[in-house]
Amino acid sequence: MSRKPVIKWRESDAEKLNREIERFNAKIYRTRFNHPELKGVLPDTIKKDDKEKMLQEIKTAPRSEFKKEINTLARFSRKGAEKPITSKTGNTVTNWEKKEVSLKVAQINRDRTIERKKVEQMDATSQGEPIGLKRGEMGSERLNALQPKKFNFDKIKGGKEWEKFKAGVMKQTSPKYKEEKLNEYVKNYIEGLTNALDYRANDIIDIINLLPPQLVVDTFYKEQEATIDFIYSPEDIELKADILNEIWQGVYDEFLENEADS
């Protein structure tokens, strides 16, 4: 799977981050003093441990992620960003927090749209052979995970419900999320193979472990027979195992050919 290059960290980057963190914290302290009633609404200040964690994540990510972090901090310094806004469910947050969640949901949906269009344009196959249709023409539950993420501030309750939603959004916009999601997808698929086929899945799993996670997921999307269904009779299990073995062996052979040509 191709990845964007990691940021080349500079002294000027450290200075810029420190400056924005100081401005961010200063506005929180100032607003707490002038408006003590907002103490539970304002974001937490960024402490030393928070900064170290932020630095570790930034230094292993592309420069674009550093710019996003700087912009997020800078937007809190804008006039009115600290003002409270209350949803119809009684959830009160700052204008800044609501806007940041909205921006991140928009980012998630842009990424999902790109991925969905890619999947929809894949040539659907059955046991490795094209069936003359695009995956998007067939309809599939496999595409459900790529539907737009919904965000209606007025429908989310405060407290745990808001924090859970916000944490999910933060996770899905983290630089390593896609890689982690791919690995999780492959892990779940392998577990499904083991549950459905028992020891007959071993050879298939050996092949899958030799493939890039992105290729495994792409194959699952476009290959009609890659789905793991409920299988009841020993004969059905044997047949499904043989089909899946042929599918994944074919994928692996093509992968090796492409690697040799590149």
# chains A, B, ... in the order shown; residues from 1 in each chain; ligands from 1
call {"tool": "residues_around", "arguments": {"residues": "A:Ala81", "least_positions_apart": "3", "cutoff": "8 Å", "atoms": "only C-alpha atoms", "output": "count of residues only"}}
result
7
call {"tool": "select_by_dssp", "arguments": {"residues": "stretch 50-187 of chain A", "states": "strand (DSSP E)", "output": "list in words"}}
result
Pro84, Ile85, Thr86, Thr92, Val93, Thr94, Asp123, Ala124, Thr125, Ser126, Glu129, Pro130, Ile131, Gly132, Leu133 and Lys134 of chain A
call {"tool": "write_last_selection", "arguments": {"atoms": "N, CA and C atoms", "output": "PDB file, in the first residue's frame"}}
result
ATOM      1  N   PRO A  84     -20.312  29.424  23.544  1.00  0.00           N
ATOM      2  CA  PRO A  84     -21.043  28.155  23.666  1.00  0.00           C
ATOM      3  C   PRO A  84     -22.180  28.046  22.666  1.00  0.00           C
ATOM      4  N   ILE A  85     -22.453  26.836  22.245  1.00  0.00           N
ATOM      5  CA  ILE A  85     -23.603  26.548  21.400  1.00  0.00           C
ATOM      6  C   ILE A  85     -24.273  25.302  21.972  1.00  0.00           C
ATOM      7  N   THR A  86     -25.594  25.326  22.056  1.00  0.00           N
ATOM      8  CA  THR A  86     -26.337  24.227  22.688  1.00  0.00           C
ATOM      9  C   THR A  86     -27.264  23.565  21.672  1.00  0.00           C
ATOM     10  N   THR A  92     -24.041  21.172  25.261  1.00  0.00           N
ATOM     11  CA  THR A  92     -23.390  22.470  25.103  1.00  0.00           C
ATOM     12  C   THR A  92     -21.890  22.291  24.894  1.00  0.00           C
ATOM     13  N   VAL A  93     -21.400  22.831  23.781  1.00  0.00           N
ATOM     14  CA  VAL A  93     -19.968  22.800  23.466  1.00  0.00           C
ATOM     15  C   VAL A  93     -19.597  24.172  22.911  1.00  0.00           C
ATOM     16  N   THR A  94     -18.317  24.387  22.662  1.00  0.00           N
ATOM     17  CA  THR A  94     -17.911  25.650  22.041  1.00  0.00           C
ATOM     18  C   THR A  94     -18.171  25.601  20.535  1.00  0.00           C
ATOM     19  N   ASP A 123     -14.145  -4.201 -11.710  1.00  0.00           N
ATOM     20  CA  ASP A 123     -14.812  -5.263 -12.471  1.00  0.00           C
ATOM     21  C   ASP A 123     -15.141  -6.404 -11.520  1.00  0.00           C
ATOM     22  N   ALA A 124     -16.429  -6.681 -11.351  1.00  0.00           N
ATOM     23  CA  ALA A 124     -16.836  -7.794 -10.490  1.00  0.00           C
ATOM     24  C   ALA A 124     -16.378  -9.105 -11.112  1.00  0.00           C
ATOM     25  N   THR A 125     -15.930 -10.037 -10.278  1.00  0.00           N
ATOM     26  CA  THR A 125     -15.456 -11.330 -10.761  1.00  0.00           C
ATOM     27  C   THR A 125     -16.149 -12.461 -10.007  1.00  0.00           C
ATOM     28  N   SER A 126     -16.137 -13.621 -10.623  1.00  0.00           N
ATOM     29  CA  SER A 126     -16.611 -14.841  -9.978  1.00  0.00           C
ATOM     30  C   SER A 126     -15.546 -15.899 -10.206  1.00  0.00           C
ATOM     31  N   GLU A 129     -12.893 -14.747 -12.678  1.00  0.00           N
ATOM     32  CA  GLU A 129     -13.277 -14.414 -14.046  1.00  0.00           C
ATOM     33  C   GLU A 129     -14.257 -13.238 -14.048  1.00  0.00           C
ATOM     34  N   PRO A 130     -14.022 -12.213 -14.905  1.00  0.00           N
ATOM     35  CA  PRO A 130     -14.948 -11.073 -14.987  1.00  0.00           C
ATOM     36  C   PRO A 130     -16.341 -11.538 -15.401  1.00  0.00           C
ATOM     37  N   ILE A 131     -17.362 -10.940 -14.810  1.00  0.00           N
ATOM     38  CA  ILE A 131     -18.747 -11.323 -15.137  1.00  0.00           C
ATOM     39  C   ILE A 131     -19.451 -10.237 -15.950  1.00  0.00           C
ATOM     40  N   GLY A 132     -18.697  -9.226 -16.386  1.00  0.00           N
ATOM     41  CA  GLY A 132     -19.264  -8.216 -17.270  1.00  0.00           C
ATOM     42  C   GLY A 132     -19.990  -7.083 -16.564  1.00  0.00           C
ATOM     43  N   LEU A 133     -19.834  -7.002 -15.263  1.00  0.00           N
ATOM     44  CA  LEU A 133     -20.482  -5.939 -14.501  1.00  0.00           C
ATOM     45  C   LEU A 133     -19.475  -5.269 -13.573  1.00  0.00           C
ATOM     46  N   LYS A 134     -19.736  -3.994 -13.285  1.00  0.00           N
ATOM     47  CA  LYS A 134     -18.958  -3.298 -12.274  1.00  0.00           C
ATOM     48  C   LYS A 134     -19.563  -3.620 -10.911  1.00  0.00           C
TER      49      LYS A 134
END
call {"tool": "residues_around", "arguments": {"residues": "A:Gly128", "least_positions_apart": "6", "cutoff": "12 Å", "atoms": "only C-alpha atoms", "output": "list in words"}}
result
Thr219, Phe220, Lys222, Glu223, Gln224, Glu225, Ala226, Ile243, Leu244, Asn245, Glu246, Ile247, Trp248, Gln249, Gly250, Val251, Tyr252, Asp253 and Glu254 of chain A
call {"tool": "write_last_selection", "arguments": {"atoms": "C-alpha atoms", "output": "CSV table (one decimal), in the first residue's frame"}}
result
chain,number,residue,atom,x,y,z
A,219,THR,CA,-10.3,-8.7,-3.8
A,220,PHE,CA,-13.0,-9.2,-1.2
A,222,LYS,CA,-14.8,-7.3,-6.3
A,223,GLU,CA,-14.8,-11.2,-6.0
A,224,GLN,CA,-18.3,-12.5,-5.8
A,225,GLU,CA,-17.2,-15.8,-4.3
A,226,ALA,CA,-14.9,-14.4,-1.7
A,243,ILE,CA,-13.1,-22.4,-4.5
A,244,LEU,CA,-11.5,-20.0,-2.1
A,245,ASN,CA,-8.2,-21.7,-2.4
A,246,GLU,CA,-8.3,-21.2,-6.2
A,247,ILE,CA,-9.3,-17.6,-5.9
A,248,TRP,CA,-6.6,-16.6,-3.5
A,249,GLN,CA,-3.9,-18.6,-5.3
A,250,GLY,CA,-4.8,-16.8,-8.5
A,251,VAL,CA,-4.6,-13.5,-6.7
A,252,TYR,CA,-1.2,-14.4,-5.3
A,253,ASP,CA,0.1,-15.6,-8.7
A,254,GLU,CA,-1.0,-12.3,-10.3
call {"tool": "closest_residue", "arguments": {"among": "A:Lys240, A:Arg116, A:Lys27, A:Lys98", "to": "A:Asp44", "atoms": "only C-alpha atoms"}}
result
A:Lys27
call {"tool": "select_by_dssp", "arguments": {"residues": "stretch 50-229 of chain A", "states": "alpha helix (DSSP H)", "output": "MDAnalysis selection string"}}
result
chainID A and resid 50:58 63:76 95:120 135:138 160:172 177:197 202:208 213:222
call {"tool": "write_last_selection", "arguments": {"atoms": "C-alpha atoms", "output": "compact mmCIF listing (two decimals), in the first residue's frame"}}
result
# COMPACT_ATOMS: atom_id res chain seq x y z
CA ASP A 50 -0.48 15.88 25.63
CA LYS A 51 2.12 17.79 23.64
CA GLU A 52 4.55 14.86 23.68
CA LYS A 53 1.87 12.51 22.41
CA MET A 54 0.93 15.02 19.72
CA LEU A 55 4.57 15.28 18.64
CA GLN A 56 5.00 11.51 18.40
CA GLU A 57 1.96 11.23 16.13
CA ILE A 58 2.92 14.20 13.97
CA ARG A 63 3.34 17.12 6.64
CA SER A 64 -0.32 17.60 5.75
CA GLU A 65 -1.26 16.20 9.19
CA PHE A 66 1.00 18.75 10.88
CA LYS A 67 -0.72 21.54 8.96
CA LYS A 68 -4.14 20.21 9.99
CA GLU A 69 -3.10 20.20 13.65
CA ILE A 70 -1.78 23.77 13.42
CA ASN A 71 -4.98 24.94 11.70
CA THR A 72 -7.14 23.26 14.35
CA LEU A 73 -5.30 25.05 17.14
CA ALA A 74 -5.30 28.37 15.26
CA ARG A 75 -9.05 28.30 14.67
CA PHE A 76 -9.64 28.40 18.42
CA ASN A 95 -18.42 26.86 18.48
CA TRP A 96 -14.86 25.70 17.87
CA GLU A 97 -15.49 22.12 19.02
CA LYS A 98 -18.65 21.76 16.94
CA LYS A 99 -16.91 23.15 13.87
CA GLU A 100 -13.87 20.89 14.28
CA VAL A 101 -16.08 17.79 14.49
CA SER A 102 -17.97 18.98 11.40
CA LEU A 103 -14.73 19.46 9.48
CA LYS A 104 -13.48 16.01 10.43
CA VAL A 105 -16.77 14.35 9.45
CA ALA A 106 -16.48 16.11 6.08
CA GLN A 107 -12.96 14.69 5.73
CA ILE A 108 -14.21 11.18 6.54
CA ASN A 109 -16.93 11.51 3.91
CA ARG A 110 -14.50 12.79 1.26
CA ASP A 111 -12.28 9.75 1.90
CA ARG A 112 -15.28 7.40 1.80
CA THR A 113 -16.51 8.90 -1.47
CA ILE A 114 -13.11 8.37 -3.10
CA GLU A 115 -12.96 4.77 -1.83
CA ARG A 116 -16.55 4.03 -2.80
CA LYS A 117 -16.08 5.31 -6.35
CA LYS A 118 -12.97 3.15 -6.67
CA VAL A 119 -14.83 0.06 -5.50
CA GLU A 120 -17.89 0.77 -7.67
CA ARG A 135 -19.24 -3.86 -8.53
CA GLY A 136 -21.34 -0.70 -8.26
CA GLU A 137 -23.91 -2.11 -10.73
CA MET A 138 -24.54 -5.16 -8.58
CA LYS A 160 -21.02 9.99 27.00
CA GLU A 161 -22.93 10.00 23.71
CA TRP A 162 -21.16 13.14 22.42
CA GLU A 163 -17.77 12.00 23.70
CA LYS A 164 -18.18 8.60 22.04
CA PHE A 165 -19.16 10.19 18.71
CA LYS A 166 -16.28 12.66 18.91
CA ALA A 167 -13.77 9.90 19.79
CA GLY A 168 -14.93 7.87 16.79
CA VAL A 169 -14.49 10.84 14.49
CA MET A 170 -11.02 11.55 15.86
CA LYS A 171 -10.01 7.92 15.38
CA GLN A 172 -11.27 7.79 11.80
CA TYR A 177 -6.52 4.78 10.72
CA LYS A 178 -6.63 3.47 7.14
CA GLU A 179 -3.72 1.10 7.71
CA GLU A 180 -5.19 -0.11 11.00
CA LYS A 181 -8.62 -0.55 9.39
CA LEU A 182 -7.17 -2.62 6.55
CA ASN A 183 -5.32 -4.86 8.99
CA GLU A 184 -8.46 -5.26 11.08
CA TYR A 185 -10.47 -6.14 7.96
CA VAL A 186 -7.98 -8.85 7.01
CA LYS A 187 -7.92 -10.18 10.56
CA ASN A 188 -11.72 -10.43 10.66
CA TYR A 189 -11.79 -12.14 7.26
CA ILE A 190 -9.23 -14.71 8.41
CA GLU A 191 -11.27 -15.34 11.57
CA GLY A 192 -14.34 -15.87 9.36
CA LEU A 193 -12.44 -18.36 7.24
CA THR A 194 -11.35 -20.31 10.33
CA ASN A 195 -14.87 -20.36 11.76
CA ALA A 196 -16.43 -21.51 8.48
CA LEU A 197 -13.79 -23.93 7.19
CA ASN A 202 -5.05 -23.04 6.76
CA ASP A 203 -3.69 -23.05 3.20
CA ILE A 204 -5.91 -20.10 2.23
CA ILE A 205 -4.78 -18.11 5.27
CA ASP A 206 -1.12 -18.81 4.43
CA ILE A 207 -1.67 -17.24 1.01
CA ILE A 208 -3.58 -14.23 2.38
CA PRO A 213 -3.81 -5.86 3.14
CA GLN A 214 -5.13 -3.40 0.51
CA LEU A 215 -5.07 -6.15 -2.14
CA VAL A 216 -6.92 -8.54 0.19
CA VAL A 217 -9.66 -5.97 0.82
CA ASP A 218 -9.92 -5.04 -2.87
CA THR A 219 -10.28 -8.73 -3.78
CA PHE A 220 -13.03 -9.16 -1.19
CA TYR A 221 -14.92 -6.23 -2.71
CA LYS A 222 -14.76 -7.34 -6.34
call {"tool": "residues_around", "arguments": {"residues": "stretch 32-39 of chain A", "least_positions_apart": "3", "cutoff": "9 Å", "atoms": "only C-alpha atoms", "output": "PyMOL selection string"}}
result
chain A and resi 27-29+42-43+82-84
call {"tool": "atom_distance", "arguments": {"atom1": "atom CA of A:Pro148", "atom2": "atom CA of A:Pro5"}}
result
27.7 Å
call {"tool": "atom_distance", "arguments": {"atom1": "atom CA of A:Pro62", "atom2": "atom CA of A:Lys8"}}
result
8.6 Å
